[in-house]
Every structure is written in C-alpha cells, then in structure tokens.
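Q: First the structure, then my questions, so here it is.
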Amino acid sequence: MTHTAPRALPIGRLLLAGMLALAFLLTFAPTGTSAHADDTDDTVRWSVVPADENGPDGRRAVETELDPGETLQDRFAVRNVSDVEVTFRLTAADGFYTRNGRFDILPADQESVDAGTWITLPDEVTVPAGETAIVPFEIAVPETAEPGDHAAGITASVLSTQTGDGGASVGVESRVGFRVTTRVTGELAPEAVVEGLVADYATSWNPLRPGELTVTFDVANAGNTILLIEGAVEAGGQTAEFPAADENAQEILPGDSRSFTVVVDDVWPLFVVPTKVVLAPTMLTMTGDASEIEPVTAETTAWAVPWPQLIVLAGLALVIWAIAWGRVRSRRRMDALLADAREAGRREAESSEVSS
C-alpha cells in the first residue's frame, strides 16, 4: 500500500520533489519491498506477516473478535532477506481503504484515534541478514469500545537516504505490513447507503446504433461492520455489474465510502431512461465467510433525446413533404393545362358556329 510522505532535507527544485514523491510510493502487503539502506549500496528486502511462536503461520492478516476490555496476545514475523543486518522501525496505526480499494494506514504525522491505539508492540527490531525475527504484540480493547469492526495495521519500516538532482539528500521511509481487524462484540448493524446517484447519457450519432449511459454514485458504509460491496446497474433494458467481472468486490470500513462509475452499453435513447442501482452488500465475518444483508436500491432518470433519429425522421418528413408537394403542384399544373385546353376548345367551337 502507498504510505507516508517522504521526510526530506531541503529541496531546491520542484522537479526533484516530484521525483522523490514518485519514489516514495510503497506497497503495503505481506510480501517484501525494496529500499536502499543508509550509506550502503546493498538492497534491503523484507516481509512482514502474522506468525505463531514458530514463524509465519499462513495468515495474511490478523482478524479477531474480542469483548470490550479483553486483551489478546499475538505475534508477527519480520523476515530480512537482504545481505545486511537491518534495524526495522515497528509501527501500529489506524487503517483505511484507499479509493482504489487498497488497504493503508495513517501516515506518521497523523495521530491514530481508534484500533491503532489498542496495539502495543516494540519500537524496533534488529534482524540479521537472511534471518527472521518473531515479534510479540498485544491488542487491548478498551472497555468503552463500540461494537463492530475496527481496522488497524502493523508495519516494519526502514529509513534510507537517497541523493537527488543537485546532490540534495532525502530521507525516505519504506514500510511493509499487514492488516489487523478487531471486531468488538455487541450488536452488529450492517448498513449500506447509495448517495449522489447521477446518470449521464452519451448519444451515438449513428442513428442505427444505441448510446451509452454513465452512472456515478457513492456507496457509504453507515453501519458498524466491514461490508463487501457489489451490485448492478439496470437501465434501458440493459444491466452492468460492478465491480467488473475481472475486478474484486470492494471492502468498505464503517464510516467510509467508495465512489463507483458504471457504464451501461447499448441503451437506446427514448427521451427518458429510468436507471436503477441494485446494491447487494455482504457482511464479512472473522472466519472469512460472508453474510448477505438486505439489498439496497436507488433510482434516477436520465434524459436521452434521440437527436440522430429525430434528424433522420425530420429528413424523411421533408422528403415526403417535398414529394407530396411536387405531386400537388404537378396536379395543379395539369388541371390548369386541361382547363386552358377546354377553354380553347370552347372558344374554337363558338367561332365555328358564328362562321356557319
């Protein structure tokens, strides 16, 4: 996961700042990331995962259910797979999901107020090259903790020094860790809300092809449990699922929200297109199972004026009118010619009678 802003020495150029910010993008996962150790050319690589007294135990995260006032002892493993001994700084902080669905924890300059403050662990650990250290930690749930899910994370980090343009030295903190979710017992109240629903129709100027409807909305977790979010958008007789088939369902922590954009293809413009979002959230359990809750729906309408089709119809109407008007004019001209011929015949007949 991406993490805290770099703690830099004075920087003279905006370009350098951009390069350093890019270099600080990190991955929060139980697989190692790389950074350069201070004053060495060696590459530091490490991993941090939950463990038991013997080492990594296969968990990718710590998920537990505790009563208010209860304490849990657990462990994690810091594996140093580099060629030098490294002292890692250990940190616990409140967790959250980023807008792209990746788990993150608060940066070092922001103070935790929830589950990050429940975790006690050593400040640092020194791990020889190629070895693994087992680090104990404690989760102590306050008596006043509210029921529901509380997210935090534990990381092991190193501070390296890098040299940018112009010879400026910059301190970069790289960290790797795992998620710690604590479900406090009590009344669980999962609830999801769809907010800010907007539908925008894009016309295809080919009158023989339908257009597309872009639907944007936010899903807010108004309950006290982690929710797994997926659903579908129905519009114009078409259905589009979210997340897409090749994407994972999105997790949303209590109090958080996530923005979604769903494109519904092959929607014909019928002046007004009713649009419905059907949200099918599920509540995660500490055993990894999912418990479905009542679906949530939200509806809106989109204006979809069939301009191309109207233009074609208008053109056809003009052609038909022109043909009809031409026929009317031709008939009138013919009638006038016939009338003139009759009048000429009548006059000729009268002239013949007079001559006789």
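Here, A, B, ... name the chains of the structure tokens in the order displayed, residue numbers run from 1 inside each chain, and ligands are numbered from 1 in the same displayed order.
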For Pro190 (chain A), list every protein, DNA or RNA residue within 7 Å, evaluated using only C-alpha atoms, and leave out those in the same chain fewer than 5 positions away; present the list as an mmCIF file with C-alpha atoms, in the first residue's frame.
A:
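File around07.cif, as written:
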data_model
loop_
_atom_site.group_PDB
_atom_site.id
_atom_site.type_symbol
_atom_site.label_atom_id
_atom_site.label_comp_id
_atom_site.auth_asym_id
_atom_site.auth_seq_id
_atom_site.Cartn_x
_atom_site.Cartn_y
_atom_site.Cartn_z
ATOM 1 C CA GLY A 223 -23.187 0.564 9.820
ATOM 2 C CA ASN A 224 -20.535 -0.776 12.171
ATOM 3 C CA THR A 225 -19.182 -3.752 10.210
ATOM 4 C CA MET A 283 -21.090 -8.534 5.901
#
Q: Excluding Gly116 (chain A) and any residue of its chain fewer than 6 positions from it, enumerate the residues within 6 Å of it, using only C-alpha atoms, and give them as a list in words.
A: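 Result of the neighbour search: Ala92, Ala93, Asp94 and Ala152 of chain A.
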Q: Can you measure CA of Gly236 (chain A) to CA of Pro281 (chain A) for me? One decimal in Å is fine.
A: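 Computing the Euclidean distance for CA of Gly236 (chain A) and CA of Pro281 (chain A) yields 23.8 Å.
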Q: Can I get the residues of region 135-157 of chain A within 6 Å of region 71-82 of chain A, each with the closest pair of atoms and their distance in Å to one decimal, using only C-alpha atoms, sorted chain first then ascending number, as a Markdown table?
A:
| residue | atom | partner | partner_atom | distance |
| --- | --- | --- | --- | --- |
| A:Val135 | CA | A:Phe76 | CA | 5.4 |
| A:Pro136 | CA | A:Arg75 | CA | 4.3 |
| A:Phe137 | CA | A:Asp74 | CA | 5.5 |
| A:Glu138 | CA | A:Gln73 | CA | 4.7 |
| A:Ile139 | CA | A:Leu72 | CA | 5.1 |
| A:Ala140 | CA | A:Thr71 | CA | 4.3 |
Q: Please list as a list of chain:residue names every residue within 9 Å of Gly196 (chain A), counting only C-alpha atoms and excluding residues in the same chain fewer than 5 positions away.
A: A:Thr216, A:Phe217, A:Asp218, A:Val219
Q: Which distance in Å separates CA of Gln309 (chain A) and CA of Pro207 (chain A), to one decimal?
A: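 CA of Gln309 (chain A) sits 5.2 Å away from CA of Pro207 (chain A).
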Q: Within region 227-272 of chain A, find each residue whose DSSP state, derived from the backbone, is strand (DSSP E), and express the selection as a PyMOL selection string.
A: chain A and resi 227-229+231-235+238-242+250-252+257-267+271-272
Q: To one decimal in Å, tell me the separation between CA of Arg258 (chain A) and CA of Ala220 (chain A).
A: 6.6 Å
Q: At a cut-off of 8 Å, using only C-alpha atoms, what residues contact Val125 (chain A)? Leave out same-chain residues fewer than 2 positions from it and give the result as a list in words.
A: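 Once the adjacent positions are removed, what remains is Thr87, Phe88, Arg89, Leu90, Pro122, Asp123, Val127, Ala133 and Val135 of chain A.
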Q: Take the selection from the previous step and output its residues with N, CA and C atoms, as a PDB file, in the first residue's frame.
A:
ATOM      1  N   THR A  87      17.928  -2.847  11.161  1.00  0.00           N
ATOM      2  CA  THR A  87      17.053  -2.499  12.277  1.00  0.00           C
ATOM      3  C   THR A  87      15.786  -1.883  11.697  1.00  0.00           C
ATOM      4  N   PHE A  88      14.665  -2.526  11.949  1.00  0.00           N
ATOM      5  CA  PHE A  88      13.385  -2.072  11.412  1.00  0.00           C
ATOM      6  C   PHE A  88      12.615  -1.310  12.471  1.00  0.00           C
ATOM      7  N   ARG A  89      12.022  -0.221  12.083  1.00  0.00           N
ATOM      8  CA  ARG A  89      11.127   0.523  12.963  1.00  0.00           C
ATOM      9  C   ARG A  89       9.745  -0.119  12.879  1.00  0.00           C
ATOM     10  N   LEU A  90       9.113  -0.372  14.031  1.00  0.00           N
ATOM     11  CA  LEU A  90       7.807  -1.021  14.082  1.00  0.00           C
ATOM     12  C   LEU A  90       6.728   0.002  14.451  1.00  0.00           C
ATOM     13  N   PRO A 122       6.938  -3.537  20.262  1.00  0.00           N
ATOM     14  CA  PRO A 122       8.233  -2.872  20.425  1.00  0.00           C
ATOM     15  C   PRO A 122       8.407  -1.751  19.402  1.00  0.00           C
ATOM     16  N   ASP A 123       9.271  -0.807  19.718  1.00  0.00           N
ATOM     17  CA  ASP A 123       9.538   0.299  18.809  1.00  0.00           C
ATOM     18  C   ASP A 123      10.339  -0.143  17.595  1.00  0.00           C
ATOM     19  N   VAL A 127      17.201  -7.448  12.790  1.00  0.00           N
ATOM     20  CA  VAL A 127      17.158  -8.790  12.200  1.00  0.00           C
ATOM     21  C   VAL A 127      18.428  -9.004  11.387  1.00  0.00           C
ATOM     22  N   ALA A 133      12.787 -12.651  12.572  1.00  0.00           N
ATOM     23  CA  ALA A 133      12.532 -12.354  13.988  1.00  0.00           C
ATOM     24  C   ALA A 133      11.042 -12.467  14.265  1.00  0.00           C
ATOM     25  N   VAL A 135       8.093 -11.278  16.547  1.00  0.00           N
ATOM     26  CA  VAL A 135       7.840 -10.115  17.393  1.00  0.00           C
ATOM     27  C   VAL A 135       6.467 -10.261  18.039  1.00  0.00           C
TER      28      VAL A 135
END
Q: So, with only C-alpha atoms as the atoms that count, which of A:Pro306, A:Ile323, A:Val278, A:Asp335 lies closest to Glu294 (chain A)?
A: A:Val278
Q: Taking the backbone alone, and naming residues the way the document does, which bits of region 152-330 of chain A are helix (DSSP H, G or I) by DSSP, as a VMD selection string?
A: chain A and resid 165 to 167 307 to 330
Q: I need the residues from that last selection saved to file as a PDB file, in the first residue's frame (with N, CA and C atoms), if you can.
A:
ATOM      1  N   ASP A 165      18.721  15.178  -7.782  1.00  0.00           N
ATOM      2  CA  ASP A 165      19.416  16.131  -8.642  1.00  0.00           C
ATOM      3  C   ASP A 165      20.015  17.257  -7.813  1.00  0.00           C
ATOM      4  N   GLY A 166      21.177  17.674  -8.194  1.00  0.00           N
ATOM      5  CA  GLY A 166      21.840  18.750  -7.471  1.00  0.00           C
ATOM      6  C   GLY A 166      22.525  18.287  -6.207  1.00  0.00           C
ATOM      7  N   GLY A 167      22.521  16.981  -5.945  1.00  0.00           N
ATOM      8  CA  GLY A 167      23.233  16.469  -4.773  1.00  0.00           C
ATOM      9  C   GLY A 167      22.456  16.552  -3.486  1.00  0.00           C
ATOM     10  N   TRP A 307     -31.610  12.575 -30.758  1.00  0.00           N
ATOM     11  CA  TRP A 307     -31.359  13.577 -31.792  1.00  0.00           C
ATOM     12  C   TRP A 307     -31.052  12.967 -33.153  1.00  0.00           C
ATOM     13  N   PRO A 308     -30.172  11.982 -33.257  1.00  0.00           N
ATOM     14  CA  PRO A 308     -29.901  11.426 -34.593  1.00  0.00           C
ATOM     15  C   PRO A 308     -31.156  10.853 -35.251  1.00  0.00           C
ATOM     16  N   GLN A 309     -31.935  10.120 -34.472  1.00  0.00           N
ATOM     17  CA  GLN A 309     -33.148   9.543 -35.027  1.00  0.00           C
ATOM     18  C   GLN A 309     -34.153  10.634 -35.397  1.00  0.00           C
ATOM     19  N   LEU A 310     -34.244  11.682 -34.575  1.00  0.00           N
ATOM     20  CA  LEU A 310     -35.154  12.782 -34.888  1.00  0.00           C
ATOM     21  C   LEU A 310     -34.721  13.505 -36.160  1.00  0.00           C
ATOM     22  N   ILE A 311     -33.405  13.669 -36.311  1.00  0.00           N
ATOM     23  CA  ILE A 311     -32.897  14.318 -37.524  1.00  0.00           C
ATOM     24  C   ILE A 311     -33.241  13.483 -38.753  1.00  0.00           C
ATOM     25  N   VAL A 312     -33.050  12.142 -38.628  1.00  0.00           N
ATOM     26  CA  VAL A 312     -33.393  11.267 -39.742  1.00  0.00           C
ATOM     27  C   VAL A 312     -34.883  11.352 -40.045  1.00  0.00           C
ATOM     28  N   LEU A 313     -35.712  11.312 -39.005  1.00  0.00           N
ATOM     29  CA  LEU A 313     -37.162  11.410 -39.215  1.00  0.00           C
ATOM     30  C   LEU A 313     -37.542  12.746 -39.836  1.00  0.00           C
ATOM     31  N   ALA A 314     -36.878  13.812 -39.360  1.00  0.00           N
ATOM     32  CA  ALA A 314     -37.161  15.123 -39.931  1.00  0.00           C
ATOM     33  C   ALA A 314     -36.778  15.161 -41.406  1.00  0.00           C
ATOM     34  N   GLY A 315     -35.621  14.539 -41.718  1.00  0.00           N
ATOM     35  CA  GLY A 315     -35.212  14.478 -43.120  1.00  0.00           C
ATOM     36  C   GLY A 315     -36.194  13.695 -43.966  1.00  0.00           C
ATOM     37  N   LEU A 316     -36.636  12.546 -43.447  1.00  0.00           N
ATOM     38  CA  LEU A 316     -37.631  11.757 -44.172  1.00  0.00           C
ATOM     39  C   LEU A 316     -38.927  12.533 -44.345  1.00  0.00           C
ATOM     40  N   ALA A 317     -39.325  13.241 -43.297  1.00  0.00           N
ATOM     41  CA  ALA A 317     -40.549  14.039 -43.383  1.00  0.00           C
ATOM     42  C   ALA A 317     -40.428  15.116 -44.457  1.00  0.00           C
ATOM     43  N   LEU A 318     -39.246  15.738 -44.540  1.00  0.00           N
ATOM     44  CA  LEU A 318     -39.031  16.758 -45.567  1.00  0.00           C
ATOM     45  C   LEU A 318     -39.093  16.145 -46.958  1.00  0.00           C
ATOM     46  N   VAL A 319     -38.485  14.965 -47.106  1.00  0.00           N
ATOM     47  CA  VAL A 319     -38.516  14.306 -48.411  1.00  0.00           C
ATOM     48  C   VAL A 319     -39.942  13.962 -48.802  1.00  0.00           C
ATOM     49  N   ILE A 320     -40.697  13.395 -47.838  1.00  0.00           N
ATOM     50  CA  ILE A 320     -42.085  13.032 -48.118  1.00  0.00           C
ATOM     51  C   ILE A 320     -42.901  14.277 -48.446  1.00  0.00           C
ATOM     52  N   TRP A 321     -42.656  15.340 -47.680  1.00  0.00           N
ATOM     53  CA  TRP A 321     -43.395  16.584 -47.944  1.00  0.00           C
ATOM     54  C   TRP A 321     -43.051  17.136 -49.316  1.00  0.00           C
ATOM     55  N   ALA A 322     -41.759  17.069 -49.671  1.00  0.00           N
ATOM     56  CA  ALA A 322     -41.337  17.584 -50.980  1.00  0.00           C
ATOM     57  C   ALA A 322     -41.971  16.776 -52.102  1.00  0.00           C
ATOM     58  N   ILE A 323     -41.999  15.436 -51.935  1.00  0.00           N
ATOM     59  CA  ILE A 323     -42.623  14.603 -52.957  1.00  0.00           C
ATOM     60  C   ILE A 323     -44.113  14.910 -53.069  1.00  0.00           C
ATOM     61  N   ALA A 324     -44.778  14.997 -51.904  1.00  0.00           N
ATOM     62  CA  ALA A 324     -46.214  15.280 -51.911  1.00  0.00           C
ATOM     63  C   ALA A 324     -46.497  16.659 -52.506  1.00  0.00           C
ATOM     64  N   TRP A 325     -45.699  17.635 -52.134  1.00  0.00           N
ATOM     65  CA  TRP A 325     -45.903  18.989 -52.656  1.00  0.00           C
ATOM     66  C   TRP A 325     -45.647  19.026 -54.160  1.00  0.00           C
ATOM     67  N   GLY A 326     -44.653  18.251 -54.591  1.00  0.00           N
ATOM     68  CA  GLY A 326     -44.391  18.189 -56.033  1.00  0.00           C
ATOM     69  C   GLY A 326     -45.566  17.592 -56.782  1.00  0.00           C
ATOM     70  N   ARG A 327     -46.157  16.554 -56.190  1.00  0.00           N
ATOM     71  CA  ARG A 327     -47.315  15.947 -56.832  1.00  0.00           C
ATOM     72  C   ARG A 327     -48.496  16.917 -56.875  1.00  0.00           C
ATOM     73  N   VAL A 328     -48.692  17.649 -55.786  1.00  0.00           N
ATOM     74  CA  VAL A 328     -49.780  18.627 -55.752  1.00  0.00           C
ATOM     75  C   VAL A 328     -49.564  19.696 -56.823  1.00  0.00           C
ATOM     76  N   ARG A 329     -48.338  20.176 -56.944  1.00  0.00           N
ATOM     77  CA  ARG A 329     -48.048  21.195 -57.949  1.00  0.00           C
ATOM     78  C   ARG A 329     -48.235  20.640 -59.348  1.00  0.00           C
ATOM     79  N   SER A 330     -47.803  19.388 -59.562  1.00  0.00           N
ATOM     80  CA  SER A 330     -47.968  18.775 -60.887  1.00  0.00           C
ATOM     81  C   SER A 330     -49.445  18.628 -61.226  1.00  0.00           C
TER      82      SER A 330
END
Q: Taking a cut-off of 10 Å and counting only C-alpha atoms, can you build a table that, for each residue of region 139-235 of chain A near region 260-268 of chain A, reports the nearest atom pair and how far apart they are in Å (one decimal), sorted by chain then residue number, as a Markdown table?
A:
| residue | atom | partner | partner_atom | distance |
| --- | --- | --- | --- | --- |
| A:Leu197 | CA | A:Phe260 | CA | 9.8 |
| A:Val198 | CA | A:Thr261 | CA | 9.7 |
| A:Ala199 | CA | A:Val262 | CA | 9.5 |
| A:Asp200 | CA | A:Val263 | CA | 9.6 |
| A:Tyr201 | CA | A:Val267 | CA | 8.7 |
| A:Ala202 | CA | A:Val267 | CA | 9.4 |
| A:Thr203 | CA | A:Trp268 | CA | 8.7 |
| A:Ser204 | CA | A:Trp268 | CA | 9.2 |
| A:Pro207 | CA | A:Trp268 | CA | 9.8 |
| A:Leu208 | CA | A:Trp268 | CA | 9.7 |
| A:Arg209 | CA | A:Asp266 | CA | 7.7 |
| A:Pro210 | CA | A:Trp268 | CA | 4.6 |
| A:Gly211 | CA | A:Val267 | CA | 5.3 |
| A:Glu212 | CA | A:Asp265 | CA | 4.5 |
| A:Leu213 | CA | A:Val264 | CA | 5.0 |
| A:Thr214 | CA | A:Val263 | CA | 4.5 |
| A:Val215 | CA | A:Val262 | CA | 5.1 |
| A:Thr216 | CA | A:Thr261 | CA | 4.5 |
| A:Phe217 | CA | A:Phe260 | CA | 5.5 |
| A:Asp218 | CA | A:Phe260 | CA | 6.1 |
| A:Val219 | CA | A:Phe260 | CA | 7.7 |
| A:Ala232 | CA | A:Val262 | CA | 8.7 |
| A:Val233 | CA | A:Val262 | CA | 7.3 |
| A:Glu234 | CA | A:Val264 | CA | 7.9 |
| A:Ala235 | CA | A:Val264 | CA | 7.2 |
Q: Let me make sure I understand: among A:Leu121, A:Ile154, A:Val141, A:Leu228, which one has the smallest atom-to-atom distance to Glu70 (chain A) if we use only C-alpha atoms?
A: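 Looking at the shortest contact to Glu70 (chain A), the residue is A:Val141.
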Q: Name all residues at most 7 Å from Gly55 (chain A) (count only C-alpha atoms; drop same-chain ones fewer than 3 positions away) and give them as a list in words.
A: Ala51, Asp52, Ala77 and Ile134 of chain A
Q: If you count only C-alpha atoms, which residues fall within 12 Å of Arg99 (chain A), apart from same-chain ones fewer than 4 positions away, as an MDAnalysis selection string?
A: chainID A and resid 1:2 103:104 218:219 250:253 256:260
Q: With only C-alpha atoms as the atoms that count, which of A:Ser174, A:Thr64, A:Thr91, A:Asn221 lies nearest to Ala151 (chain A)?
A: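 Smallest distance to Ala151 (chain A) is found for A:Thr64.
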